[in-house]
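Here is query.cif, consisting of mmCIF, C-alpha atoms (C1' of nucleotides):
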```cif
data_entry
loop_
_atom_site.label_atom_id
_atom_site.label_comp_id
_atom_site.auth_asym_id
_atom_site.auth_seq_id
_atom_site.Cartn_x
_atom_site.Cartn_y
_atom_site.Cartn_z
CA MET A 344 0.00 0.00 0.00
CA LEU A 345 2.81 2.34 0.78
CA GLN A 346 4.37 2.02 -2.63
CA GLN A 347 4.36 5.56 -3.91
CA THR A 348 1.51 6.43 -1.58
CA GLN A 349 1.53 8.69 1.47
CA VAL A 350 1.45 7.16 4.93
CA ASP A 351 -1.44 9.32 6.11
CA ARG A 352 -3.55 8.06 3.28
CA VAL A 353 -2.59 4.43 3.80
CA VAL A 354 -3.10 4.09 7.56
CA PRO A 355 -6.93 4.14 7.62
CA LYS A 356 -7.16 1.85 4.60
CA TYR A 357 -4.54 -0.45 6.08
CA LYS A 358 -6.59 -0.93 9.23
CA GLN A 359 -9.75 -1.49 7.27
CA PHE A 360 -7.98 -3.93 4.98
CA LEU A 361 -6.44 -5.94 7.80
CA LYS A 362 -9.76 -6.15 9.58
CA LYS A 363 -11.31 -7.74 6.52
CA TYR A 364 -8.27 -9.81 5.56
CA PRO A 365 -6.36 -10.53 8.79
CA THR A 366 -4.12 -13.20 7.24
CA LEU A 367 -2.62 -14.15 3.92
CA LYS A 368 -4.93 -17.13 3.96
CA ALA A 369 -7.97 -14.91 4.34
CA LEU A 370 -6.76 -12.69 1.54
CA ALA A 371 -6.05 -15.68 -0.66
CA ALA A 372 -9.62 -16.90 -0.19
CA ALA A 373 -11.10 -13.57 -1.23
CA ARG A 374 -12.27 -12.68 -4.68
CA VAL A 375 -9.86 -10.36 -6.42
CA ARG A 376 -12.74 -8.07 -7.33
CA ASP A 377 -13.50 -7.47 -3.64
CA VAL A 378 -9.86 -6.82 -2.90
CA ILE A 379 -9.72 -4.20 -5.61
CA ARG A 380 -12.91 -2.60 -4.33
CA ILE A 381 -11.69 -2.20 -0.76
CA TRP A 382 -8.41 -0.84 -2.12
CA TYR A 383 -10.10 2.26 -3.53
CA PRO A 384 -9.11 5.08 -3.54
CA LEU A 385 -5.46 4.29 -2.97
CA GLY A 386 -4.76 4.05 -6.68
CA TYR A 387 -2.32 1.92 -8.65
CA ASN A 388 -4.89 -0.85 -8.89
CA ILE A 389 -2.37 -3.35 -10.14
CA ARG A 390 -1.20 -3.52 -6.52
CA PRO A 391 -4.29 -5.18 -5.01
CA ARG A 392 -4.22 -7.69 -7.86
CA ARG A 393 -0.60 -8.48 -7.19
CA LEU A 394 -1.03 -8.55 -3.43
CA HIS A 395 -3.85 -10.99 -3.88
CA ALA A 396 -1.68 -13.15 -6.14
CA ILE A 397 1.12 -12.99 -3.59
CA ALA A 398 -1.25 -14.15 -0.87
CA ARG A 399 -2.40 -17.09 -2.98
CA GLU A 400 1.13 -18.02 -3.91
CA SER A 401 2.23 -17.79 -0.29
CA VAL A 402 -0.57 -20.08 0.82
CA ALA A 403 -0.03 -22.52 -2.02
CA GLN A 404 3.75 -22.68 -1.90
CA TYR A 405 5.02 -21.33 1.42
CA GLY A 406 2.55 -22.44 4.06
CA GLY A 407 0.72 -19.13 4.34
CA THR A 408 3.72 -17.00 5.25
CA LEU A 409 6.07 -14.89 3.18
CA PRO A 410 9.45 -16.37 2.35
CA ASN A 411 12.34 -14.75 4.21
CA ASP A 412 14.97 -14.64 1.52
CA GLU A 413 15.47 -11.90 -1.02
CA ALA A 414 15.48 -14.01 -4.16
CA THR A 415 12.13 -15.63 -3.43
CA LEU A 416 10.56 -12.37 -2.33
CA ARG A 417 11.76 -10.71 -5.52
CA SER A 418 10.25 -13.52 -7.56
CA PHE A 419 6.78 -12.20 -6.73
CA LYS A 420 5.31 -9.67 -9.12
CA GLY A 421 4.90 -6.49 -7.12
CA ILE A 422 7.83 -7.00 -4.76
CA GLY A 423 10.84 -5.05 -5.95
CA ALA A 424 14.10 -4.04 -4.35
CA TYR A 425 12.58 -1.73 -1.77
CA THR A 426 9.73 -3.97 -0.63
CA ALA A 427 12.04 -6.97 -0.39
CA GLY A 428 14.37 -5.02 1.87
CA ALA A 429 11.47 -3.69 3.90
CA VAL A 430 9.99 -7.15 4.45
CA LEU A 431 13.38 -8.65 5.32
CA SER A 432 14.38 -5.93 7.79
CA PHE A 433 10.98 -5.04 9.26
CA ALA A 434 9.15 -8.34 9.24
CA PHE A 435 12.03 -10.77 9.67
CA GLY A 436 14.63 -8.62 11.41
CA ARG A 437 17.19 -9.54 8.78
CA ARG A 438 20.15 -7.34 7.98
CA ALA A 439 18.87 -5.91 4.71
CA ALA A 440 19.17 -2.40 3.32
CA ILE A 441 16.32 -0.32 1.97
CA LEU A 442 16.06 2.57 -0.45
CA ASP A 443 12.68 4.22 -0.68
CA THR A 444 11.99 7.75 -1.82
CA ASN A 445 12.89 9.06 1.65
CA VAL A 446 16.18 7.24 2.05
CA ALA A 447 17.14 8.03 -1.53
CA ARG A 448 16.63 11.72 -0.88
CA VAL A 449 18.64 11.61 2.35
CA MET A 450 21.53 9.70 0.75
CA TYR A 451 21.51 12.02 -2.22
CA ARG A 452 21.49 15.23 -0.22
CA VAL A 453 23.93 14.23 2.48
CA PHE A 454 26.48 12.26 0.45
CA VAL A 455 26.06 13.32 -3.19
CA GLY A 456 24.51 16.73 -3.66
CA ALA A 457 24.85 16.91 -7.44
CA GLY A 458 23.30 15.28 -10.46
CA ASP A 459 19.79 14.01 -11.06
CA PRO A 460 18.68 12.04 -7.98
CA ARG A 461 16.12 10.16 -10.07
CA SER A 462 18.57 8.72 -12.57
CA HIS A 463 19.16 5.00 -12.41
CA ALA A 464 22.91 5.42 -12.45
CA LEU A 465 22.72 7.45 -9.29
CA ARG A 466 20.15 5.15 -7.71
CA ARG A 467 22.63 2.30 -7.91
CA HIS A 468 25.07 4.42 -5.95
CA LEU A 469 22.42 5.45 -3.44
CA TRP A 470 21.71 1.78 -2.77
CA LYS A 471 25.40 1.24 -2.07
CA LEU A 472 25.35 4.09 0.41
CA SER A 473 22.33 2.66 2.19
CA GLU A 474 23.96 -0.76 2.34
CA GLY A 475 27.22 0.70 3.55
CA LEU A 476 25.56 2.51 6.42
CA LEU A 477 23.65 -0.54 7.58
CA PRO A 478 24.69 -1.44 11.14
CA ARG A 479 25.20 -4.99 12.39
CA ARG A 480 22.47 -4.73 14.95
CA HIS A 481 19.19 -2.86 15.33
CA VAL A 482 18.60 -2.93 11.60
CA PHE A 483 14.87 -2.49 12.03
CA ASP A 484 15.32 0.68 14.06
CA PHE A 485 18.06 1.99 11.80
CA ASN A 486 16.05 1.57 8.62
CA GLN A 487 12.90 2.93 10.18
CA GLY A 488 14.84 5.86 11.59
CA LEU A 489 16.40 6.56 8.23
CA MET A 490 13.01 6.70 6.58
CA ASP A 491 11.48 8.76 9.33
CA PHE A 492 14.40 11.15 9.14
CA GLY A 493 13.61 11.68 5.48
CA ALA A 494 9.91 11.95 6.17
CA THR A 495 10.20 14.49 8.99
CA VAL A 496 13.52 16.35 8.80
CA CYS A 497 15.08 15.89 5.37
CA THR A 498 11.77 16.35 3.59
CA ALA A 499 11.29 16.91 -0.11
CA ARG A 500 9.59 20.28 0.09
CA ARG A 501 10.78 22.11 3.19
CA PRO A 502 13.69 20.30 4.78
CA GLN A 503 14.40 21.23 8.39
CA CYS A 504 18.09 21.93 8.02
CA ARG A 505 18.18 24.13 11.10
CA PRO A 506 17.81 21.29 13.64
CA CYS A 507 19.32 18.67 11.33
CA PRO A 508 22.12 16.74 13.05
CA LEU A 509 23.77 16.07 9.69
CA ALA A 510 23.85 19.68 8.50
CA HIS A 511 27.57 20.05 9.22
CA ILE A 512 28.53 17.22 6.84
CA CYS A 513 25.76 17.61 4.28
CA ARG A 514 26.96 17.97 0.69
CA THR A 515 23.85 19.88 -0.24
CA GLY A 516 24.13 22.52 2.44
CA PRO A 517 21.37 24.39 4.24
CA ILE A 518 18.30 24.78 2.06
CA ASP A 519 15.64 25.03 4.74
CA GLY A 520 13.03 27.61 5.41
CA ARG A 521 11.37 29.57 2.67
CA LEU A 522 14.34 29.15 0.38
CA ALA A 523 13.48 25.54 -0.25
CA GLY A 524 11.94 24.94 -3.62
CA GLN A 525 12.40 28.51 -4.76
CA ARG A 526 13.97 29.21 -8.09
CA LYS A 527 17.24 31.03 -8.02
CA LYS A 528 15.91 34.08 -9.83
"C1'" DC B 837 3.22 21.81 -11.24
"C1'" DT B 838 5.73 18.16 -7.69
"C1'" DC B 839 5.55 14.61 -4.38
"C1'" DC B 840 4.17 10.41 -2.02
"C1'" DT B 841 7.96 4.35 2.54
"C1'" DG B 842 7.83 1.61 -6.23
"C1'" DT B 843 7.44 -1.72 -9.77
"C1'" DG B 844 7.22 -3.93 -14.29
"C1'" DT B 845 7.75 -3.23 -18.87
"C1'" DG B 846 9.62 -1.98 -23.47
"C1'" DC C 1181 17.08 4.36 -19.67
"C1'" DA C 1182 12.20 6.35 -19.81
"C1'" DC C 1183 7.71 5.59 -18.88
"C1'" DA C 1184 2.86 4.32 -17.25
"C1'" DC C 1185 0.35 3.35 -13.49
"C1'" DT C 1186 -3.74 5.84 -9.65
"C1'" DG C 1187 -5.26 9.39 -6.75
"C1'" DG C 1188 -4.93 12.92 -3.39
"C1'" DA C 1189 -2.50 16.86 -1.23
"C1'" DG C 1190 0.58 20.91 -1.17
#
```
Show how you would write the structure in this file as structure tokens.
Amino acid sequence: MLQQTQVDRVVPKYKQFLKKYPTLKALAAARVRDVIRIWYPLGYNIRPRRLHAIARESVAQYGGTLPNDEATLRSFKGIGAYTAGAVLSFAFGRRAAILDTNVARVMYRVFVGAGDPRSHALRRHLWKLSEGLLPRRHVFDFNQGLMDFGATVCTARRPQCRPCPLAHICRTGPIDGRLAGQRKK
DNA sequence: CTCCTGTGTG
DNA sequence: CACACTGGAG
């Protein structure tokens, strides 16, 4: 649900969804049409279809739970690099890196600061940075903290550089306040 | 217009 | 590599 969709918009739907489909088995037993209907208005309607397929595949092949290795997770349609890392680190506590839009922005601003942050060439490098920072322990908290840092401090629109603990090493430099997003005249 | 805890496709 | 996919908010 969170793929390219804001948290505030997902939370209510997430609760509603889990109440109706508490387990992968319950989801697998549902009709895909109903899953798509309850999904509205989150958008990207290929996602409920794929989630439903993932639930069925998990029940049929993996005993009703998600596999806990990257290769098998990635074999599902709808689970890419980010979601695989998120499932591994958040659900299974494995030492796996993540790179969502938040982390990508943080890595780019703090360690790169130049070039197009959306280019694939750079994204490869941003993944390396995220992997390199990954601690041995407390991976769940680290990854979650990294994302929350991007979601609350190093935000896309008005980053809070003033209280930012990384401001002194940031390659991008202070861009907070009303200056953020403004064109350079 | 850009952005949002992306992914599969051509 | 670019792009479509969905819809809402700033």
**Q.** Explicit residue set for the PyMOL selection byres ((chain A and resi 375-383) around 10), as a VMD selection string
**A.** (chain A and resid 344 353 356 to 357 359 to 360 363 to 364 370 to 374 384 to 396) or (chain C and resid 1186 to 1187)
Q: Return as a count of residues only the residues belonging to chain A that are within 8 Å of chain B, counting all atoms listed in the file.
A: 16
Q: Would you mind reading off the distance between atom CA of Ala369 of chain A and atom CA of Pro410 of chain A, one decimal, in Å?
A: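 We find that atom CA of Ala369 of chain A and atom CA of Pro410 of chain A lie 17.6 Å from each other.
Residues with at least one atom no more than 9 Å from (12.2, -15.4, 2.5), using only C-alpha atoms (C1' of nucleotides), are Leu409, Pro410, Asn411, Asp412, Glu413, Ala414, Thr415, Leu416, Ala427, Val430, Leu431 and Phe435 of chain A.
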What do you get, as a PDB file with C-alpha atoms, in the frame of the given file, if you spell out every residue that the PyMOL selection byres ((chain A and resi 456) around 12) selects here?
```pdb
ATOM      1  CA  ALA A 447      17.140   8.030  -1.530  1.00  0.00           C
ATOM      2  CA  ARG A 448      16.630  11.720  -0.880  1.00  0.00           C
ATOM      3  CA  VAL A 449      18.640  11.610   2.350  1.00  0.00           C
ATOM      4  CA  MET A 450      21.530   9.700   0.750  1.00  0.00           C
ATOM      5  CA  TYR A 451      21.510  12.020  -2.220  1.00  0.00           C
ATOM      6  CA  ARG A 452      21.490  15.230  -0.220  1.00  0.00           C
ATOM      7  CA  VAL A 453      23.930  14.230   2.480  1.00  0.00           C
ATOM      8  CA  PHE A 454      26.480  12.260   0.450  1.00  0.00           C
ATOM      9  CA  VAL A 455      26.060  13.320  -3.190  1.00  0.00           C
ATOM     10  CA  ALA A 457      24.850  16.910  -7.440  1.00  0.00           C
ATOM     11  CA  GLY A 458      23.300  15.280 -10.460  1.00  0.00           C
ATOM     12  CA  ASP A 459      19.790  14.010 -11.060  1.00  0.00           C
ATOM     13  CA  PRO A 460      18.680  12.040  -7.980  1.00  0.00           C
ATOM     14  CA  LEU A 465      22.720   7.450  -9.290  1.00  0.00           C
ATOM     15  CA  LEU A 469      22.420   5.450  -3.440  1.00  0.00           C
ATOM     16  CA  ILE A 512      28.530  17.220   6.840  1.00  0.00           C
ATOM     17  CA  CYS A 513      25.760  17.610   4.280  1.00  0.00           C
ATOM     18  CA  ARG A 514      26.960  17.970   0.690  1.00  0.00           C
ATOM     19  CA  THR A 515      23.850  19.880  -0.240  1.00  0.00           C
ATOM     20  CA  GLY A 516      24.130  22.520   2.440  1.00  0.00           C
ATOM     21  CA  PRO A 517      21.370  24.390   4.240  1.00  0.00           C
ATOM     22  CA  ILE A 518      18.300  24.780   2.060  1.00  0.00           C
TER      23      ILE A 518
END
```
Q) For chain C, which residue among A:His463, A:Phe483, A:Pro355, A:Pro365 is the nearest when counting all atoms listed in the file? A)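 Among the listed residues, the smallest separation from chain C belongs to A:His463.
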**Q.** Atomic separation - atom CA of Arg480 of chain A relative to atom CA of Gly436 of chain A, Å
**A.** 9.4 Å
Q.
Which residue is closest to Glu400 of chain A? Choose from A:Ala424, A:Ala429, A:Cys504, A:Leu367 and count only C-alpha atoms.
A. A:Leu367
Q: Tell me, in Å to one decimal, how far atom CA of Thr498 of chain A is from atom CA of Arg466 of chain A.
A: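 The value is 18.0 Å.
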